[in-house]
Amino acid sequence: MRKKRSIRVFALTLAAVFALGGVSAAAIPAGPQDANFSDVPADAWYAEYVTLCASWGIINGYEDGTFRPDADITRGEFMKLLTTIGELVPYKVIDTSVHWAAPYWDLLNDNGVLWGLDIPCTREALNTAITRYEMCVMLSNFCSNVFSENFVELQNLQGAIADYSSIESKYVSAVEQAYGKGILTGYDDGGFHGGETMTRAQASAVVVRTAWPVERVEVSDASEIVGTTQQPSGGGESGGTVSPMDPSTSFAWQSRNYIDAWGHVNAEGRQILFGDANKSYFNGSEPNLADFITTVQVQTWDINSAGEYYTRTWNLQVNKAVAKEVVAIFEEIYASSERFPIHALGGARYTDTMRHSWGCAIDINPVENYQVDTTTWTPLTGSFCYKTSDSPYCIRPDGIVVQTFAKYGWGWGGGTAENGYTGWTTSADYMHFSILESGG
C-alpha cells in the first residue's frame with residue numbers, strides 16, 4: 001500500500017505543521033545547524049530560503065563552501081527535492097546505473113507527479129535543466145496527489161500574467177495552480193517566462209513554499225475550489241452542477257460507430273474529437289486545444305493517515321465529447337456505499353498518441369493498479385494490483401469503479417477473460433479506463 005503522507009515534522013521543535021483542514025500560522029523554526037555559504041549574500045532575496053533548505057538537508061551546498069544559487073537545477077535534482085518534502089519512501093529496488101535520480105523519478109511517476117510530462121528515466125533527460133513549465137506541472141500534480149490539496153481558481157489569470165497568450169494550452173492549468181497557490185511567481189516585467197530554466201535559488205524558494213504553505217505568496221484573486229461535482233465556470237459547455245444522464249447516451253457507447261476495437265477512428269469520429277477529419281490525436285500545442293479539451297471538477301473519497309474517509313475535489317482534463325459522462329461516472333462512484341478511495345487521478349496528457357492524448361482516458365491510483373507485462377508479470381508502471389494486495393486503493397473487477405465505467409461504455413485496461421472483461425493481449429493496465437471497449 002502506498003505510504004500516505006503524514007504530518008510533516010522536520011524536528012520535534014517544528015511548529016508549522018500541515019493538516020487536512022489547513023496550516024498553522026506559526027513561524028518556521030531555524031534549522032538544527034548553521035548553513036552559511038560564501039556566495040549567498042545575507043541580503044539576497046533568496047537567502048532565507050537557501051538557509052532553511054540547506055539547514056534541514058533538503059538542498060546541500062558544495063564542498064568548497066558555495067551554494068551556487070545561480071546554477072540551473074536539473075530535473076533529477078528537483079525530483080529528489082519533491083520526494084524529500086513529500087516523505088515518499090522507495091518500496092522497490094530501482095537500478096541506479098541509468099541515473100542516480102532513477103528512484104526519485106520512479107516514486108514521482110508512480111504517484112502521478114509526472115503525469116502530463118514526457119520525461120523518460122534516462123541520463124540525458126534527468127540531467128537536463130528543469131523549465132518553469134515542467135516545474136508547474138510537477139507542483140500541480142504533487143500538491144494534489146501527494147499533499148491532498150484542493151485546486152485553486154484565478155479570476156483573471158490572463159490579466160495577472162503578461163505573457164499569458166504565449167503559454168501552450170497544455171500548461172495553462174498547471175501554471176494556474178502553481179501561480180494561484182503562490183508557489184511560483186512571475187517576473188518583474190509581469191511575464192511568467194515558462195520556457196526558462198530554474199536556478200538553485202529559485203528552487204529553494206519553491207520548495208519552501210510548497211512544503212510550508214504559510215510561506216506562500218498571497219494571491220488576492222485566487223480561491224480554493226471546493227463543493228459539488230461539476231464543470232467549473234468557463235471549463236466546459238456550461239458551468240454548474242451537471243444533470244444526471246442516461247448512460248446509454250454516452251459518447252463511449254456512441255463512439256462504437258466511429259472507432260473500431262483497435263482504436264482506429266473514422267473521419268466522422270476525428271471531426272468530433274479533434275475538429276479535423278485528418279487529425280488522430282492532440283500533441284498539446286494546438287492553438288485551439290481549449291475548444292476540445294475541457295476541465296471537469298469531480299469529487300472522490302480518500303483515506304487520511306488516521307484511516308478516516310474524507311472528500312477530495314479534483315480538476316480533470318478530458319475531451320468535451322466525454323465531459324458529461326465523466327462527471328456522471330464519478331458522481332455515481334462517489335455516491336456509492338463502497339466509498340472507493342482515490343489518491344491519484346489523471347486524464348488528458350500528450351506524451352503519446354493513444355487515448356490519453358484524445359482526452360478520452362483516465363488513470364486511477366497507478367501505484368496500486370499497475371501496468372504489467374502479462375507474459376512475465378513484470379510491472380511496467382506501478383507496483384501491484386488487487387491480485388497481489390488487499391489495499392483499498394486497488395481497483396477490482398467486481399467493484400464500483402469498473403462497474404460504473406462499464407455502465408457508461410468505458411473499458412478497463414485490467415480486464416481479462418477470467419474476470420469478464422475484454423482486456424489486452426500481452427499486458428494489462430489496471431489503472432486505465434478509456435472509451436474503447438477493451439480499455440486500450
# chains A, B, ... in the order shown; residues from 1 in each chain; ligands from 1
call {"tool": "select_by_dssp", "arguments": {"residues": "stretch 258-337 of chain A", "states": "helix (DSSP H, G or I)", "output": "ChimeraX atom specification"}}
result
/A:267-274,289-291,320-335
call {"tool": "select_by_dssp", "arguments": {"residues": "stretch 125-246 of chain A", "states": "strand (DSSP E)", "output": "VMD selection string"}}
result
chain A and resid 152 to 154 222 to 224 230 to 231 240 to 241
call {"tool": "closest_residue", "arguments": {"among": "A:Ile329, A:Leu114, A:Val367, A:Val206", "to": "A:Lys407", "atoms": "only C-alpha atoms"}}
result
A:Ile329
call {"tool": "residues_around", "arguments": {"residues": "A:Glu437", "least_positions_apart": "3", "cutoff": "8 Å", "atoms": "only C-alpha atoms", "output": "list in words"}}
result
Ala261, Gly409, Trp410, Gly411, Trp412, Thr422, Ser434 and Gly440 of chain A
call {"tool": "residues_around", "arguments": {"residues": "stretch 163-171 of chain A", "least_positions_apart": "4", "cutoff": "7 Å", "atoms": "only C-alpha atoms", "output": "PyMOL selection string"}}
result
chain A and resi 133+158+175+191-192+284-285+289-290
call {"tool": "residues_around", "arguments": {"residues": "A:Ile435", "least_positions_apart": "2", "cutoff": "10 Å", "atoms": "only C-alpha atoms", "output": "VMD selection string"}}
result
chain A and resid 250 to 256 259 263 322 355 359 to 362 405 to 406 408 to 412 433 437 to 440
call {"tool": "residues_around", "arguments": {"residues": "A:Cys394", "least_positions_apart": "4", "cutoff": "12 Å", "atoms": "only C-alpha atoms", "output": "ChimeraX atom specification"}}
result
/A:1-2,340-344,364-370,382-390,398-402,414,430-431
call {"tool": "closest_atom_pairs", "arguments": {"of": "stretch 181-211 of chain A", "to": "stretch 52-60 of chain A", "cutoff": "9 Å", "atoms": "only C-alpha atoms", "output": "tab-separated table"}}
result
residue	atom	partner	partner_atom	distance
A:Arg200	CA	A:Ile59	CA	8.5
A:Ser204	CA	A:Cys53	CA	6.4
A:Ala205	CA	A:Cys53	CA	8.8
A:Val207	CA	A:Cys53	CA	7.9
A:Val208	CA	A:Cys53	CA	7.3
call {"tool": "atom_distance", "arguments": {"atom1": "atom CA of A:Gln317", "atom2": "atom CA of A:His356"}}
result
9.8 Å
call {"tool": "residues_around", "arguments": {"residues": "A:Lys320", "least_positions_apart": "5", "cutoff": "6 Å", "atoms": "only C-alpha atoms", "output": "list in words"}}
result
Phe292, Ile293 and Thr294 of chain A
call {"tool": "atom_distance", "arguments": {"atom1": "atom CA of A:Arg339", "atom2": "atom CA of A:Leu88"}}
result
24.9 Å
call {"tool": "decode", "arguments": {"residues": "stretch 249-269 of chain A", "atoms": "N, CA and C atoms", "output": "PDB file, in the first residue's frame"}}
result
ATOM      1  N   THR A 249     -26.652   7.016 -23.554  1.00  0.00           N
ATOM      2  CA  THR A 249     -26.411   8.120 -24.485  1.00  0.00           C
ATOM      3  C   THR A 249     -24.970   8.618 -24.421  1.00  0.00           C
ATOM      4  N   SER A 250     -24.112   7.953 -23.659  1.00  0.00           N
ATOM      5  CA  SER A 250     -22.726   8.408 -23.508  1.00  0.00           C
ATOM      6  C   SER A 250     -21.987   8.383 -24.836  1.00  0.00           C
ATOM      7  N   PHE A 251     -20.967   9.200 -24.941  1.00  0.00           N
ATOM      8  CA  PHE A 251     -20.158   9.212 -26.157  1.00  0.00           C
ATOM      9  C   PHE A 251     -19.433   7.884 -26.324  1.00  0.00           C
ATOM     10  N   ALA A 252     -19.031   7.273 -25.196  1.00  0.00           N
ATOM     11  CA  ALA A 252     -18.327   5.990 -25.281  1.00  0.00           C
ATOM     12  C   ALA A 252     -19.159   4.960 -26.019  1.00  0.00           C
ATOM     13  N   TRP A 253     -20.467   4.879 -25.702  1.00  0.00           N
ATOM     14  CA  TRP A 253     -21.334   3.938 -26.417  1.00  0.00           C
ATOM     15  C   TRP A 253     -21.499   4.359 -27.873  1.00  0.00           C
ATOM     16  N   GLN A 254     -21.727   5.655 -28.104  1.00  0.00           N
ATOM     17  CA  GLN A 254     -21.944   6.134 -29.465  1.00  0.00           C
ATOM     18  C   GLN A 254     -20.688   5.998 -30.322  1.00  0.00           C
ATOM     19  N   SER A 255     -19.510   6.056 -29.662  1.00  0.00           N
ATOM     20  CA  SER A 255     -18.256   6.024 -30.418  1.00  0.00           C
ATOM     21  C   SER A 255     -18.023   4.695 -31.118  1.00  0.00           C
ATOM     22  N   ARG A 256     -18.793   3.663 -30.763  1.00  0.00           N
ATOM     23  CA  ARG A 256     -18.652   2.379 -31.451  1.00  0.00           C
ATOM     24  C   ARG A 256     -18.951   2.532 -32.943  1.00  0.00           C
ATOM     25  N   ASN A 257     -19.682   3.620 -33.287  1.00  0.00           N
ATOM     26  CA  ASN A 257     -19.990   3.896 -34.691  1.00  0.00           C
ATOM     27  C   ASN A 257     -18.821   4.548 -35.422  1.00  0.00           C
ATOM     28  N   TYR A 258     -17.857   5.113 -34.635  1.00  0.00           N
ATOM     29  CA  TYR A 258     -16.751   5.857 -35.241  1.00  0.00           C
ATOM     30  C   TYR A 258     -15.392   5.205 -35.016  1.00  0.00           C
ATOM     31  N   ILE A 259     -15.291   4.368 -33.977  1.00  0.00           N
ATOM     32  CA  ILE A 259     -13.988   3.835 -33.567  1.00  0.00           C
ATOM     33  C   ILE A 259     -14.071   2.312 -33.497  1.00  0.00           C
ATOM     34  N   ASP A 260     -13.122   1.633 -34.120  1.00  0.00           N
ATOM     35  CA  ASP A 260     -13.166   0.172 -34.073  1.00  0.00           C
ATOM     36  C   ASP A 260     -12.470  -0.342 -32.808  1.00  0.00           C
ATOM     37  N   ALA A 261     -12.437  -1.648 -32.644  1.00  0.00           N
ATOM     38  CA  ALA A 261     -11.909  -2.256 -31.420  1.00  0.00           C
ATOM     39  C   ALA A 261     -10.430  -1.986 -31.220  1.00  0.00           C
ATOM     40  N   TRP A 262      -9.708  -1.635 -32.284  1.00  0.00           N
ATOM     41  CA  TRP A 262      -8.274  -1.392 -32.181  1.00  0.00           C
ATOM     42  C   TRP A 262      -7.954   0.093 -32.023  1.00  0.00           C
ATOM     43  N   GLY A 263      -8.977   0.920 -31.941  1.00  0.00           N
ATOM     44  CA  GLY A 263      -8.755   2.342 -31.736  1.00  0.00           C
ATOM     45  C   GLY A 263      -8.605   3.166 -32.988  1.00  0.00           C
ATOM     46  N   HIS A 264      -8.941   2.581 -34.136  1.00  0.00           N
ATOM     47  CA  HIS A 264      -8.888   3.338 -35.388  1.00  0.00           C
ATOM     48  C   HIS A 264     -10.153   4.174 -35.514  1.00  0.00           C
ATOM     49  N   VAL A 265      -9.999   5.463 -35.737  1.00  0.00           N
ATOM     50  CA  VAL A 265     -11.126   6.395 -35.776  1.00  0.00           C
ATOM     51  C   VAL A 265     -11.410   6.796 -37.215  1.00  0.00           C
ATOM     52  N   ASN A 266     -12.683   6.751 -37.611  1.00  0.00           N
ATOM     53  CA  ASN A 266     -13.018   7.173 -38.970  1.00  0.00           C
ATOM     54  C   ASN A 266     -13.094   8.696 -39.046  1.00  0.00           C
ATOM     55  N   ALA A 267     -13.319   9.215 -40.233  1.00  0.00           N
ATOM     56  CA  ALA A 267     -13.284  10.664 -40.451  1.00  0.00           C
ATOM     57  C   ALA A 267     -14.321  11.400 -39.609  1.00  0.00           C
ATOM     58  N   GLU A 268     -15.519  10.826 -39.486  1.00  0.00           N
ATOM     59  CA  GLU A 268     -16.572  11.477 -38.687  1.00  0.00           C
ATOM     60  C   GLU A 268     -16.154  11.561 -37.218  1.00  0.00           C
ATOM     61  N   GLY A 269     -15.573  10.494 -36.698  1.00  0.00           N
ATOM     62  CA  GLY A 269     -15.121  10.487 -35.313  1.00  0.00           C
ATOM     63  C   GLY A 269     -13.984  11.466 -35.073  1.00  0.00           C
TER      64      GLY A 269
END
